[in-house]
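Structure file run08.cif (mmCIF, C-alpha atoms) is printed below.
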data_work
#
loop_
_atom_site.label_atom_id
_atom_site.label_comp_id
_atom_site.auth_asym_id
_atom_site.auth_seq_id
_atom_site.Cartn_x
_atom_site.Cartn_y
_atom_site.Cartn_z
CA MET A 1 0.00 0.00 0.00
CA ALA A 2 1.39 3.40 -1.03
CA ALA A 3 2.37 5.79 1.75
CA GLU A 4 0.26 8.90 2.26
CA PRO A 5 1.76 12.21 1.05
CA PRO A 6 3.57 14.12 3.82
CA VAL A 7 1.22 17.10 3.57
CA PRO A 8 -2.57 17.54 3.46
CA GLU A 9 -4.21 18.65 0.21
CA THR A 10 -1.96 21.54 -0.84
CA ARG A 11 -2.27 23.80 -3.88
CA VAL A 12 0.86 25.78 -4.76
CA LEU A 13 1.44 28.62 -7.22
CA ALA A 14 5.03 28.27 -8.49
CA ILE A 15 6.47 31.27 -10.33
CA ALA A 16 9.95 30.62 -11.74
CA SER A 17 11.95 29.91 -14.89
CA HIS A 18 11.45 26.90 -17.16
CA VAL A 19 13.77 24.90 -19.41
CA VAL A 20 12.84 22.41 -22.12
CA SER A 21 15.73 20.09 -21.20
CA GLY A 22 17.30 19.74 -17.76
CA TYR A 23 16.30 20.46 -14.18
CA VAL A 24 16.34 24.04 -12.96
CA GLY A 25 13.62 26.53 -11.98
CA ASN A 26 10.06 25.31 -12.27
CA LYS A 27 11.22 22.22 -14.17
CA ILE A 28 12.65 20.82 -10.93
CA ALA A 29 10.38 22.68 -8.48
CA VAL A 30 7.09 21.46 -9.96
CA PHE A 31 8.27 17.85 -10.16
CA SER A 32 9.60 17.93 -6.59
CA MET A 33 6.39 19.34 -5.10
CA GLN A 34 4.08 17.12 -7.16
CA SER A 35 6.10 14.04 -6.19
CA LEU A 36 5.40 14.89 -2.55
CA GLY A 37 1.66 15.27 -3.07
CA CYS A 38 1.13 18.94 -3.97
CA ASP A 39 -1.13 20.25 -6.73
CA VAL A 40 1.07 22.82 -8.51
CA ALA A 41 0.12 25.61 -10.90
CA ALA A 42 3.28 26.66 -12.78
CA LEU A 43 3.66 30.22 -14.04
CA ASN A 44 6.92 30.24 -16.01
CA THR A 45 8.96 33.46 -16.15
CA VAL A 46 11.32 32.31 -18.90
CA GLN A 47 11.17 29.58 -21.51
CA PHE A 48 14.71 28.50 -22.41
CA SER A 49 16.00 25.47 -24.29
CA ASN A 50 18.38 24.68 -21.40
CA HIS A 51 19.92 26.47 -18.42
CA THR A 52 22.48 29.20 -18.93
CA GLY A 53 25.35 27.20 -17.44
CA TYR A 54 25.70 25.53 -20.83
CA ARG A 55 26.85 28.99 -22.08
CA GLN A 56 24.48 28.73 -25.03
CA TRP A 57 20.70 28.61 -25.12
CA THR A 58 17.65 29.85 -26.98
CA GLY A 59 14.31 31.09 -25.74
CA THR A 60 12.48 34.08 -24.35
CA ARG A 61 11.74 35.90 -21.10
CA VAL A 62 8.20 36.69 -20.02
CA SER A 63 7.26 40.35 -19.49
CA ALA A 64 5.60 41.81 -16.39
CA GLU A 65 2.41 42.27 -18.43
CA GLU A 66 2.39 38.59 -19.46
CA ILE A 67 2.85 37.47 -15.85
CA THR A 68 -0.08 39.66 -14.78
CA ASP A 69 -2.19 38.47 -17.72
CA LEU A 70 -1.58 34.80 -16.93
CA TYR A 71 -2.58 35.32 -13.31
CA GLN A 72 -5.71 37.22 -14.37
CA GLY A 73 -6.56 34.22 -16.54
CA LEU A 74 -6.40 32.01 -13.45
CA LYS A 75 -8.62 34.43 -11.52
CA GLN A 76 -11.32 34.66 -14.16
CA SER A 77 -11.65 30.88 -14.15
CA TYR A 78 -11.68 30.65 -10.32
CA LEU A 79 -8.28 28.95 -10.33
CA ASP A 80 -6.62 31.35 -7.88
CA GLN A 81 -7.19 29.43 -4.65
CA PHE A 82 -3.73 28.64 -3.29
CA ASP A 83 -2.40 27.44 0.06
CA MET A 84 1.20 28.35 -0.74
CA MET A 85 3.26 30.26 -3.27
CA LEU A 86 6.86 29.75 -4.34
CA SER A 87 8.68 32.39 -6.35
CA GLY A 88 12.12 31.94 -7.90
CA TYR A 89 13.91 33.58 -10.82
CA ILE A 90 12.05 36.64 -12.13
CA PRO A 91 13.50 38.55 -15.11
CA GLY A 92 13.70 42.27 -14.33
CA ALA A 93 12.34 44.75 -11.80
CA PRO A 94 8.90 45.26 -13.44
CA ALA A 95 8.36 41.48 -13.41
CA VAL A 96 9.47 41.29 -9.76
CA GLU A 97 6.89 43.97 -8.94
CA ALA A 98 4.19 42.06 -10.88
CA VAL A 99 4.91 38.89 -8.91
CA GLY A 100 4.83 40.94 -5.71
CA ARG A 101 1.35 42.22 -6.53
CA ILE A 102 0.14 38.64 -7.04
CA ALA A 103 1.55 37.58 -3.67
CA GLU A 104 0.10 40.62 -1.90
CA GLU A 105 -3.31 39.93 -3.39
CA LEU A 106 -3.22 36.29 -2.27
CA LYS A 107 -2.10 37.30 1.22
CA GLU A 108 -4.83 39.93 1.47
CA LYS A 109 -7.44 37.38 0.43
CA ALA A 110 -6.23 35.03 3.19
CA LYS A 111 -6.04 37.73 5.88
CA ALA A 112 -9.28 36.73 7.57
CA LYS A 113 -7.93 33.21 8.06
CA PRO A 114 -4.37 33.39 9.48
CA GLY A 115 -2.09 30.55 8.46
CA SER A 116 -4.11 29.73 5.35
CA PHE A 117 -1.55 31.13 2.89
CA PHE A 118 2.26 31.03 3.04
CA TRP A 119 4.72 32.61 0.60
CA VAL A 120 8.22 31.17 0.12
CA LEU A 121 10.43 33.69 -1.70
CA ASP A 122 13.79 32.85 -3.22
CA PRO A 123 15.23 36.30 -4.05
CA VAL A 124 17.32 35.24 -7.05
CA MET A 125 19.78 38.04 -7.73
CA GLY A 126 23.31 36.64 -7.86
CA ASP A 127 25.98 34.58 -6.16
CA ASN A 128 29.65 34.70 -5.16
CA GLY A 129 29.71 38.51 -5.18
CA LYS A 130 28.26 38.86 -8.68
CA LEU A 131 24.81 40.03 -9.79
CA TYR A 132 23.16 38.10 -12.59
CA VAL A 133 20.14 40.37 -12.77
CA ALA A 134 19.83 44.06 -13.63
CA PRO A 135 20.83 46.39 -10.74
CA ASP A 136 17.26 47.73 -10.37
CA VAL A 137 16.09 44.24 -9.33
CA VAL A 138 17.79 44.68 -5.93
CA PRO A 139 15.65 47.64 -4.74
CA ALA A 140 12.58 45.90 -6.19
CA TYR A 141 13.23 42.91 -3.94
CA LYS A 142 13.91 45.16 -0.96
CA LYS A 143 10.38 46.54 -1.34
CA LEU A 144 8.97 43.05 -1.74
CA VAL A 145 10.53 40.87 0.96
CA GLU A 146 8.48 42.36 3.80
CA HIS A 147 5.44 40.54 2.41
CA ALA A 148 7.12 37.10 2.32
CA ASP A 149 6.72 34.48 5.05
CA LEU A 150 10.00 32.68 4.35
CA ILE A 151 12.95 33.92 2.31
CA LEU A 152 15.81 31.75 1.03
CA PRO A 153 18.72 34.01 0.05
CA ASN A 154 22.24 32.76 -0.48
CA GLN A 155 25.09 34.53 1.32
CA PHE A 156 25.51 37.22 -1.36
CA GLU A 157 21.77 37.89 -1.63
CA ALA A 158 21.54 38.23 2.16
CA GLU A 159 24.26 40.88 1.95
CA LEU A 160 22.34 42.76 -0.75
CA LEU A 161 19.10 42.75 1.25
CA SER A 162 20.59 43.56 4.65
CA ASP A 163 23.41 45.90 3.53
CA VAL A 164 25.68 43.92 5.87
CA LYS A 165 28.98 42.53 4.56
CA ILE A 166 29.09 38.88 5.69
CA GLU A 167 32.66 37.89 6.55
CA ASP A 168 32.22 35.59 9.54
CA MET A 169 29.53 34.01 11.70
CA ALA A 170 29.14 37.21 13.77
CA SER A 171 28.39 39.37 10.72
CA LEU A 172 26.11 36.66 9.32
CA THR A 173 24.14 36.63 12.58
CA HIS A 174 23.89 40.42 12.40
CA ALA A 175 22.64 40.27 8.79
CA ILE A 176 19.83 37.88 9.76
CA GLN A 177 18.85 40.09 12.69
CA VAL A 178 18.72 43.10 10.36
CA LEU A 179 16.46 41.20 7.96
CA HIS A 180 14.06 40.32 10.78
CA GLU A 181 14.00 43.85 12.19
CA ARG A 182 14.01 45.89 8.98
CA TYR A 183 11.56 43.85 6.93
CA ASN A 184 9.65 41.88 9.58
CA ILE A 185 10.43 38.63 7.74
CA PRO A 186 9.17 35.74 9.92
CA HIS A 187 11.43 32.95 8.61
CA ILE A 188 14.87 33.08 6.99
CA VAL A 189 17.16 30.35 5.70
CA LEU A 190 20.56 31.24 4.26
CA THR A 191 21.63 28.54 1.83
CA SER A 192 25.14 27.25 1.05
CA VAL A 193 27.08 29.33 3.56
CA SER A 194 30.83 28.77 3.31
CA LEU A 195 32.48 30.50 6.25
CA SER A 196 35.35 29.06 8.24
CA HIS A 197 34.53 28.16 11.83
CA PRO A 198 36.37 26.04 14.43
CA ASP A 199 33.39 23.68 14.66
CA HIS A 200 33.11 23.13 10.90
CA PRO A 201 35.20 20.65 8.88
CA SER A 202 37.20 22.38 6.12
CA THR A 203 35.23 20.60 3.38
CA SER A 204 31.79 21.52 4.65
CA LEU A 205 28.96 23.94 3.98
CA CYS A 206 26.10 24.97 6.21
CA VAL A 207 22.66 26.51 6.11
CA ILE A 208 21.68 29.03 8.73
CA GLY A 209 18.03 29.41 9.69
CA SER A 210 15.96 31.57 11.99
CA THR A 211 12.33 32.11 12.95
CA MET A 212 11.84 35.44 14.68
CA THR A 213 10.17 35.97 18.06
CA SER A 214 7.23 38.34 18.66
CA ASP A 215 9.73 41.19 19.18
CA ARG A 216 11.64 40.33 15.96
CA LYS A 217 14.60 38.66 17.65
CA ALA A 218 16.34 35.87 15.74
CA ARG A 219 16.14 32.24 16.87
CA LEU A 220 19.17 30.88 15.09
CA PHE A 221 20.22 27.36 14.15
CA LYS A 222 22.75 25.93 11.74
CA ILE A 223 23.05 22.63 9.90
CA VAL A 224 26.56 21.64 8.80
CA PHE A 225 26.92 19.12 5.99
CA PRO A 226 29.72 17.78 3.75
CA ALA A 227 30.41 19.69 0.54
CA ILE A 228 30.37 17.67 -2.68
CA ASP A 229 33.26 18.58 -4.99
CA ALA A 230 31.24 19.36 -8.12
CA TYR A 231 29.14 22.17 -9.58
CA PHE A 232 25.42 21.63 -10.12
CA SER A 233 22.68 23.91 -11.42
CA GLY A 234 19.18 23.84 -9.96
CA THR A 235 20.16 23.06 -6.36
CA GLY A 236 18.64 26.30 -5.04
CA ASP A 237 15.42 25.61 -6.92
CA MET A 238 15.19 22.10 -5.51
CA PHE A 239 15.95 23.36 -2.00
CA ALA A 240 13.19 25.99 -2.25
CA ALA A 241 10.60 23.53 -3.58
CA LEU A 242 11.32 20.97 -0.89
CA MET A 243 11.16 23.69 1.79
CA VAL A 244 7.62 24.49 0.65
CA VAL A 245 6.54 20.92 1.34
CA ARG A 246 8.60 20.18 4.42
CA MET A 247 7.67 23.44 6.14
CA ARG A 248 3.97 22.68 5.71
CA GLU A 249 4.58 19.11 6.86
CA ALA A 250 6.40 20.29 10.01
CA VAL A 251 3.62 22.74 10.89
CA TRP A 252 0.94 20.06 10.42
CA ASN A 253 2.97 17.66 12.57
CA ALA A 254 3.19 20.16 15.43
CA PRO A 255 1.00 19.34 18.47
CA GLY A 256 -2.54 20.69 18.20
CA GLU A 257 -3.75 23.06 15.51
CA ALA A 258 -2.69 26.42 16.96
CA LEU A 259 0.43 26.76 14.81
CA ARG A 260 -1.51 26.04 11.61
CA GLN A 261 -3.73 29.01 12.42
CA ALA A 262 -0.89 31.33 13.46
CA THR A 263 0.09 34.21 11.19
CA SER A 264 3.04 33.08 9.03
CA TRP A 265 3.27 29.89 11.12
CA VAL A 266 5.46 31.62 13.71
CA SER A 267 5.99 29.50 16.83
CA ASP A 268 5.46 30.91 20.31
CA ASP A 269 8.43 32.70 21.85
CA ASP A 270 9.14 29.86 24.27
CA VAL A 271 9.85 27.41 21.44
CA ASP A 272 13.57 26.69 21.24
CA ALA A 273 15.46 27.24 17.95
CA LEU A 274 16.08 23.49 17.55
CA ASP A 275 12.37 22.73 18.00
CA LEU A 276 11.21 25.13 15.29
CA PRO A 277 9.31 23.66 12.32
CA LEU A 278 11.82 25.56 10.14
CA ALA A 279 14.70 23.54 11.63
CA SER A 280 12.88 20.23 11.14
CA ALA A 281 12.01 21.16 7.56
CA ALA A 282 15.58 22.18 6.73
CA GLU A 283 16.96 18.91 8.12
CA LYS A 284 14.75 16.83 5.81
CA VAL A 285 15.43 19.05 2.82
CA LEU A 286 19.19 18.81 3.26
CA ALA A 287 18.94 15.04 3.66
CA SER A 288 17.17 14.76 0.30
CA MET A 289 19.55 17.22 -1.34
CA HIS A 290 22.66 15.41 -0.14
CA GLU A 291 21.41 12.01 -1.33
CA VAL A 292 20.40 13.29 -4.77
CA LEU A 293 23.62 15.27 -5.26
CA ALA A 294 25.80 12.33 -4.18
CA LYS A 295 24.03 10.04 -6.66
CA THR A 296 24.23 12.69 -9.39
CA CYS A 297 27.95 13.14 -8.74
CA GLU A 298 28.56 9.40 -8.97
CA SER A 299 26.84 9.04 -12.34
CA MET A 300 28.32 12.33 -13.59
CA ASN A 301 31.89 11.18 -12.92
CA ALA A 302 31.25 7.95 -14.82
CA GLU A 303 29.68 9.78 -17.78
CA VAL A 304 32.46 12.39 -17.97
CA ALA A 305 35.19 9.73 -17.80
CA LYS A 306 33.50 7.86 -20.67
CA VAL A 307 33.19 11.05 -22.75
CA LYS A 308 36.84 11.98 -22.16
CA ALA A 309 37.97 8.51 -23.23
CA GLU A 310 35.92 8.75 -26.43
CA MET A 311 37.16 12.27 -27.18
CA ALA A 312 40.81 11.78 -26.16
CA ALA A 313 42.21 12.93 -29.48
CA GLY A 314 40.37 16.26 -29.74
CA LEU A 315 40.18 17.53 -26.14
CA GLU A 316 42.78 20.29 -26.63
CA GLU A 317 41.11 21.80 -29.68
CA GLU A 318 38.62 24.64 -29.18
CA GLU A 319 35.69 22.69 -30.59
CA GLY A 320 36.60 19.72 -28.40
CA LYS A 321 36.70 21.87 -25.26
CA LYS A 322 33.29 23.31 -26.08
CA LYS A 323 31.78 19.89 -26.70
CA LEU A 324 33.26 18.56 -23.45
CA HIS A 325 31.77 21.48 -21.49
CA LEU A 326 28.34 20.86 -22.99
CA LEU A 327 28.48 17.13 -22.26
CA GLN A 328 29.71 17.80 -18.70
CA SER A 329 26.82 20.23 -18.20
CA LYS A 330 24.37 17.57 -19.31
CA ALA A 331 25.98 14.97 -17.03
CA ALA A 332 25.64 17.38 -14.07
CA GLU A 333 21.85 17.73 -14.43
CA LEU A 334 20.30 16.58 -11.15
CA LYS A 335 19.30 12.91 -11.26
CA LEU A 336 16.01 13.45 -9.52
CA VAL A 337 13.52 11.35 -11.44
CA ARG A 338 15.51 8.14 -10.83
CA HIS A 339 15.83 8.73 -7.10
CA LEU A 340 12.35 9.53 -5.81
CA ASP A 341 12.99 7.64 -2.57
CA SER A 342 15.68 10.16 -1.67
CA MET A 343 13.11 12.90 -1.96
CA ARG A 344 10.24 11.12 -0.25
CA HIS A 345 12.06 9.18 2.47
CA PRO A 346 15.50 10.68 3.06
CA LYS A 347 17.71 9.50 5.89
CA VAL A 348 18.32 12.54 8.10
CA GLU A 349 21.98 12.56 9.15
CA PHE A 350 22.72 16.27 9.54
CA ARG A 351 20.94 17.82 12.50
CA ALA A 352 20.28 21.41 13.46
CA GLN A 353 22.61 22.88 16.07
CA LYS A 354 22.32 26.05 18.10
CA MET A 355 24.37 29.01 17.02
#
Spit out the file's structure as structure tokens when you get a sec.
Amino acid sequence: MAAEPPVPETRVLAIASHVVSGYVGNKIAVFSMQSLGCDVAALNTVQFSNHTGYRQWTGTRVSAEEITDLYQGLKQSYLDQFDMMLSGYIPGAPAVEAVGRIAEELKEKAKAKPGSFFWVLDPVMGDNGKLYVAPDVVPAYKKLVEHADLILPNQFEAELLSDVKIEDMASLTHAIQVLHERYNIPHIVLTSVSLSHPDHPSTSLCVIGSTMTSDRKARLFKIVFPAIDAYFSGTGDMFAALMVVRMREAVWNAPGEALRQATSWVSDDDVDALDLPLASAAEKVLASMHEVLAKTCESMNAEVAKVKAEMAAGLEEEEGKKKLHLLQSKAAELKLVRHLDSMRHPKVEFRAQKM
């Protein structure tokens, strides 16, 4: 007999990019959430042949007007009833503002019933000190994040939003506190943090999470996990999608029904950081991520070795280098569809720790 989905009936609006081939943006987010029992409406912000890491692609970006028009189409057919919303890559400030208006409308509609709508926002702007969106996207997100329930910035994006340079754990803690205080963001998870710390192995990464108290003070936890020596695209999109499901699961698994009916699912002030639903959700998400990435890395190494053996004669030529890069990019696509058990029933090895 098949196991029950980890969440109750859940309808999600997912607004992100889409690729014809590969697994990034909504291509991975929709599959991940549907595989865990969610009904997902996908509003795609770009339609590309493949992700940009290949260094060549075709396709188009959706305008702010098209995003608004697609949502209006849902409304006119009474298809705008959502329990959760996930937003990822959005091309340009006007489109960011259009997505913000959709989220604000859905939150306003749910106002009379606290806890009935939850927005997970991945503020995709850049990484490793480099923007990959237009500069005017940053202030657009700064106006938007105060409406989100959970944000998932990477280290660089947290710096952009908080105006705090993150150089160590102390400055990272300060950045999260600024985000809580300045924008009143209930839940924050910083993804893929790579800062040296005496407690962390040299080949490790960590995520840092916090759910604020009633007076906007951070309740911080960290989860340290081994880094995998490879580059993958779509990991942030998979993380965000799984957080949607696992956060809802953790709230529904909490004793009683009070938390389900709390605004933004914020736990009472006496709940310890390690007992937060956010911490439980992040543990499960990282367990799935680590299993899928390890299996992807294993198959990728085998595929790349085979390709290099077949191409041995032409690897130094320009055309050979280009072909190798394209084949390596294909081999690095996340092997999700063959490893559903890792997503549905991961073995949790990396636990939340207090900061």
Problem set entry | Residues matched by the PyMOL selection byres ((chain A and resi 324-333) around 8) as a PyMOL selection string | chain A and resi 22-23+53-54+231-233+296-297+299-300+303-304+307-308+315+320-323+334-335
Problem set entry | Residue contacts of His147 in chain A (9 Å, all atoms listed in the file) excluding same-chain residues fewer than 4 positions away, as JSON, numbers by chain | {"A": [100, 103, 104, 107, 119, 143, 183, 184, 185]}
Problem set entry | Between CA of Tyr89 in chain A and CA of Asp168 in chain A - distance in Å to one decimal |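 So the two atoms, CA of Asp168 in chain A and CA of Tyr89 in chain A, lie 27.5 Å apart.
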For this session: Let me know the residues the PyMOL selection byres ((chain A and resi 35-45) around 7) catches in the file above, as a PyMOL selection string.
Result: chain A and resi 5-7+9-18+26+30-34+46-47+61-62+90-91+344
Problem set entry | Non-local contacts of Asn154 in chain A (8 Å; only C-alpha atoms; under 4 positions in same chain excluded) as a list in words |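 Those residues are Asp127, Ala158, Leu190, Thr191, Ser192 and Val193 of chain A.
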For this session: Enter the distance from CA of His200 in chain A to CA of Lys222 in chain A, in Å, rounded to one decimal.
Result: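 So the answer is 10.8 Å.
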For this session: Could you jot down the CA of Lys109 in chain A to CA of Ala282 in chain A separation for me, Å, one decimal place?
Result: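 So the two atoms, CA of Lys109 in chain A and CA of Ala282 in chain A, lie 28.3 Å apart.
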For this session: Determine the residue set returned by the PyMOL selection byres ((chain A and resi 225) around 9) for the present structure, and present it as a ChimeraX atom specification.
Result: /A:200-201,203-207,223-224,226-227,286,290,349-351
Problem set entry | Nearest to Ser280 in chain A, chosen from A:Val24, A:Ala250, A:Leu340, A:Leu179, with all atoms listed in the file counted in the distances |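 Ranked by minimum distance to Ser280 in chain A, first place goes to A:Ala250.
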For this session: Rank nothing, just name the residue among A:Met85, A:Ala305, A:Val189, A:Ala279 nearest to Phe239 in chain A, using all atoms listed in the file.
Result: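 When distances to Phe239 in chain A are compared using all atoms listed in the file, the smallest one comes from A:Val189.
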Exercise. For Glu291 in chain A, which residue out of A:Val251, A:Lys165, A:Ile228, A:Glu318 is the nearest one, using all atoms listed in the file?
Worked result: A:Ile228
For this session: Would you kindly return, as number ranges by chain, each protein, DNA or RNA residue with an atom no farther than 8 Å from any atom of Lys354 in chain A, considering all atoms listed in the file and excluding same-chain residues fewer than 5 positions away?
Result: A: 220-222, 273-274
For this session: Could you give me, as a list in words, the residues within 7 Å of Gly88 in chain A, counting all atoms listed in the file and dropping anything in the same chain fewer than 6 positions from it?
Result: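 Within the cut-off, the hits are Ile15, Ala16, Gly25, Leu121, Asp122, Pro123 and Val124 of chain A.
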Written selection (C-alpha atoms) as a CSV table (one decimal), in the frame of the given file:
chain,number,residue,atom,x,y,z
A,15,ILE,CA,6.5,31.3,-10.3
A,16,ALA,CA,10.0,30.6,-11.7
A,25,GLY,CA,13.6,26.5,-12.0
A,121,LEU,CA,10.4,33.7,-1.7
A,122,ASP,CA,13.8,32.8,-3.2
A,123,PRO,CA,15.2,36.3,-4.0
A,124,VAL,CA,17.3,35.2,-7.0
Problem set entry | Spatial neighbours of Pro255 in chain A, max dist 12 Å, all atoms listed in the file, sep filter under 3 positions, as a list in words | Ala250, Val251, Trp252, Ala258, Leu259, Arg260, Ser267, Asp275 and Pro277 of chain A
